[in-house]
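As structure tokens, the structure follows; a few thoughts come after it.
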Amino acid sequence: MSQPMISRIERGAVAPDLRSMARLARGVGQNLSVRLYPADGIRLRDSGQLGLADVIRSAAHPSWRVSLEVPVAPPPDRRAADMVLAGADDVVHVEIERGLRDVQAQLRAAQLKRVALAERLECRVSLVLAVPDSAAARQAIAPHAGVLRTALPVTSRAAWAAIRSGASLNGDALLWVRADSRSTHSPRA
């Protein structure tokens, strides 16, 4: 890389590509590191997650006010609840997890979001961990069944009944969601 080019980059006259930035970093004895930060707006991670959110929204009783990507705390905290169902007497934080890589860590993160949301709203908030009703998800959750039953004692069947009827959930739940159907089926508990 020529000295005039380096000078133009230093002055901001030219924006180097990633390869050039790596070369410049190596030239001064450093490694280039790139970090990505969440952008503002709806951040549901993929169409599959949006699909599960749509199944829940479609099944929700009209008395629920459904919101996506609800900030759990004021800035600079950028965490958001994937979905919030707000009723007359109940607020339900729905965290949608399609990829169950570390179930205990994902549950802990969802619980921390719920605590922050409850503090922000100054009310009790129930937590629903929504997962796809698939063999892979059931297999990933099986080793953690005892912990999940303790942390999320409301059955999937009871959670679906509350969502469909607009009734209070009265606790935390693991919600099995069949992404291939928008019907008001009765998911397995």
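Residue numbering restarts at 1 for every chain of the structure tokens, chains are lettered A, B, ... in their displayed order, and ligands are numbered from 1 as they appear.
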Worksheet item: If you run DSSP on this backbone, which residues of stretch 46-121 of chain A come out as strand (DSSP E), and could you give them as a PyMOL selection string?
Response: chain A and resi 65-71+80-86+91-96
Residues of the last selection are to be written out with C-alpha atoms, as an mmCIF file, in the first residue's frame.
data_model
loop_
_atom_site.group_PDB
_atom_site.id
_atom_site.type_symbol
_atom_site.label_atom_id
_atom_site.label_comp_id
_atom_site.auth_asym_id
_atom_site.auth_seq_id
_atom_site.Cartn_x
_atom_site.Cartn_y
_atom_site.Cartn_z
ATOM 1 C CA ARG A 65 -52.673 -6.331 23.036
ATOM 2 C CA VAL A 66 -49.811 -7.941 21.101
ATOM 3 C CA SER A 67 -46.488 -6.122 20.654
ATOM 4 C CA LEU A 68 -43.238 -7.297 19.086
ATOM 5 C CA GLU A 69 -39.712 -6.396 20.189
ATOM 6 C CA VAL A 70 -40.684 -4.498 23.331
ATOM 7 C CA PRO A 71 -37.731 -2.791 25.057
ATOM 8 C CA ALA A 80 -36.096 -6.490 23.940
ATOM 9 C CA ALA A 81 -38.790 -9.050 24.653
ATOM 10 C CA ASP A 82 -39.627 -10.882 21.427
ATOM 11 C CA MET A 83 -43.359 -10.506 22.102
ATOM 12 C CA VAL A 84 -45.510 -9.066 24.870
ATOM 13 C CA LEU A 85 -49.163 -9.930 25.415
ATOM 14 C CA ALA A 86 -50.823 -7.266 27.556
ATOM 15 C CA VAL A 91 -48.647 -9.088 31.102
ATOM 16 C CA VAL A 92 -46.944 -12.018 29.395
ATOM 17 C CA HIS A 93 -43.403 -11.819 28.051
ATOM 18 C CA VAL A 94 -42.961 -14.351 25.233
ATOM 19 C CA GLU A 95 -39.379 -15.211 24.376
ATOM 20 C CA ILE A 96 -39.125 -17.214 21.135
#
Item to complete: Write out as a list in words the residues lying within 9 Å of A:Ala88, counting only C-alpha atoms and excluding same-chain residues fewer than 6 positions away.
Response: Ser63, Trp64, Gly166 and Ser168 of chain A
Could you save the residues just selected, with all heavy atoms, as a PDB file, in the first residue's frame?
ATOM      1  N   SER A  63     -58.603  -9.787  23.294  1.00  0.00           N
ATOM      2  CA  SER A  63     -58.386  -8.935  24.469  1.00  0.00           C
ATOM      3  C   SER A  63     -56.906  -8.711  24.765  1.00  0.00           C
ATOM      4  O   SER A  63     -56.553  -7.786  25.489  1.00  0.00           O
ATOM      5  CB  SER A  63     -59.069  -9.536  25.702  1.00  0.00           C
ATOM      6  OG  SER A  63     -58.483 -10.782  26.036  1.00  0.00           O
ATOM      7  N   TRP A  64     -56.037  -9.552  24.194  1.00  0.00           N
ATOM      8  CA  TRP A  64     -54.603  -9.342  24.356  1.00  0.00           C
ATOM      9  C   TRP A  64     -54.133  -8.250  23.399  1.00  0.00           C
ATOM     10  O   TRP A  64     -54.471  -8.269  22.223  1.00  0.00           O
ATOM     11  CB  TRP A  64     -53.807 -10.605  24.032  1.00  0.00           C
ATOM     12  CG  TRP A  64     -53.943 -11.739  24.988  1.00  0.00           C
ATOM     13  CD1 TRP A  64     -54.540 -12.930  24.736  1.00  0.00           C
ATOM     14  CD2 TRP A  64     -53.447 -11.816  26.320  1.00  0.00           C
ATOM     15  NE1 TRP A  64     -54.457 -13.750  25.828  1.00  0.00           N
ATOM     16  CE2 TRP A  64     -53.784 -13.084  26.828  1.00  0.00           C
ATOM     17  CE3 TRP A  64     -52.749 -10.930  27.141  1.00  0.00           C
ATOM     18  CZ2 TRP A  64     -53.445 -13.493  28.113  1.00  0.00           C
ATOM     19  CZ3 TRP A  64     -52.417 -11.332  28.419  1.00  0.00           C
ATOM     20  CH2 TRP A  64     -52.757 -12.597  28.899  1.00  0.00           C
ATOM     21  N   GLY A 166     -57.824 -15.279  26.624  1.00  0.00           N
ATOM     22  CA  GLY A 166     -57.587 -13.959  27.203  1.00  0.00           C
ATOM     23  C   GLY A 166     -57.498 -14.011  28.722  1.00  0.00           C
ATOM     24  O   GLY A 166     -57.430 -12.985  29.375  1.00  0.00           O
ATOM     25  N   SER A 168     -55.875 -14.882  32.516  1.00  0.00           N
ATOM     26  CA  SER A 168     -54.562 -14.676  33.120  1.00  0.00           C
ATOM     27  C   SER A 168     -53.768 -15.971  33.088  1.00  0.00           C
ATOM     28  O   SER A 168     -54.313 -17.052  33.301  1.00  0.00           O
ATOM     29  CB  SER A 168     -54.747 -14.201  34.559  1.00  0.00           C
ATOM     30  OG  SER A 168     -53.506 -13.926  35.133  1.00  0.00           O
TER      31      SER A 168
END
Discussion item. Using only C-alpha atoms, which protein or nucleic acid residues come within 12 Å of A:Gln106? Drop anything in the same chain fewer than 5 positions from it, and give the result as a PyMOL selection string.
Written reply: chain A and resi 95-101+111-113+129-131+141+144+148
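Atom CA of A:Arg114 sits 7.4 Å away from atom CA of A:Val72.
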Worksheet item: Which is closer to A:Gln104 than all the others in A:Ile56, A:Ala145, A:Gln139, A:Thr155, using only C-alpha atoms?
Response: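 So, comparing all the options, the nearest one is A:Ala145.
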Discussion item. I need the residues in stretch 53-153 of chain A that are alpha helix (DSSP H) according to DSSP; give them as a PyMOL selection string.
Written reply: chain A and resi 53-59+103-121+135-141+145-151
For C-alpha atoms, I'd like the residues from the last selection saved as a compact mmCIF listing (two decimals), in the first residue's frame.
# COMPACT_ATOMS: atom_id res chain seq x y z
CA ALA A 53 -44.63 -15.18 16.61
CA ASP A 54 -47.38 -15.08 13.98
CA VAL A 55 -48.81 -18.43 15.14
CA ILE A 56 -49.03 -17.08 18.71
CA ARG A 57 -50.44 -13.72 17.58
CA SER A 58 -53.05 -15.42 15.40
CA ALA A 59 -54.19 -17.65 18.26
CA VAL A 103 -31.17 -24.16 27.18
CA GLN A 104 -30.11 -23.06 30.67
CA ALA A 105 -28.37 -19.92 29.38
CA GLN A 106 -31.32 -19.10 27.12
CA LEU A 107 -33.74 -19.54 30.04
CA ARG A 108 -31.56 -17.36 32.28
CA ALA A 109 -31.40 -14.60 29.63
CA ALA A 110 -35.19 -14.71 29.22
CA GLN A 111 -35.68 -14.53 32.99
CA LEU A 112 -33.38 -11.51 33.24
CA LYS A 113 -35.31 -9.76 30.45
CA ARG A 114 -38.58 -10.53 32.26
CA VAL A 115 -37.25 -9.02 35.52
CA ALA A 116 -36.17 -5.84 33.70
CA LEU A 117 -39.54 -5.62 31.90
CA ALA A 118 -41.45 -6.08 35.19
CA GLU A 119 -39.37 -3.30 36.78
CA ARG A 120 -40.00 -1.02 33.80
CA LEU A 121 -43.76 -1.70 33.73
CA ALA A 135 -38.55 -33.67 17.57
CA ALA A 136 -35.26 -31.74 17.59
CA ALA A 137 -36.53 -29.18 20.12
CA ARG A 138 -38.00 -31.90 22.36
CA GLN A 139 -34.68 -33.75 22.21
CA ALA A 140 -32.73 -30.59 23.12
CA ILE A 141 -35.04 -29.87 26.05
CA ALA A 145 -36.93 -31.30 31.75
CA GLY A 146 -36.72 -31.17 35.55
CA VAL A 147 -35.22 -27.68 35.66
CA LEU A 148 -37.73 -26.41 33.12
CA ARG A 149 -40.73 -27.91 34.97
CA THR A 150 -39.57 -26.08 38.10
CA ALA A 151 -38.82 -22.77 36.34
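Taking atom CA of A:Ser2 and atom CA of A:Leu24 as endpoints, the distance between them is 11.2 Å.
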Worksheet entry | Interatomic distance, atom CA of A:Ala142 to atom CA of A:Ala173 (Å, one decimal) | 15.5 Å
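Nearest residue to A:Pro16, choosing from A:His61, A:Trp160, A:Leu169, A:Met1 and counting only C-alpha atoms: A:Met1.
When only C-alpha atoms are used to measure the gap to A:Asp90, the shortest distance among A:Pro76, A:Ala179, A:Val125, A:Ala162 belongs to A:Val125.
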Fill in: Polymer residues at most 12 Å from A:Ile6, only C-alpha atoms, same-chain spacing of 6 or more positions, as a count of residues only
11
Discussion item. Given only C-alpha atoms as the basis, pick out the residue of A:Arg164, A:Gln30, A:Asp102, A:Pro74 nearest to A:Pro143.
Written reply: A:Asp102
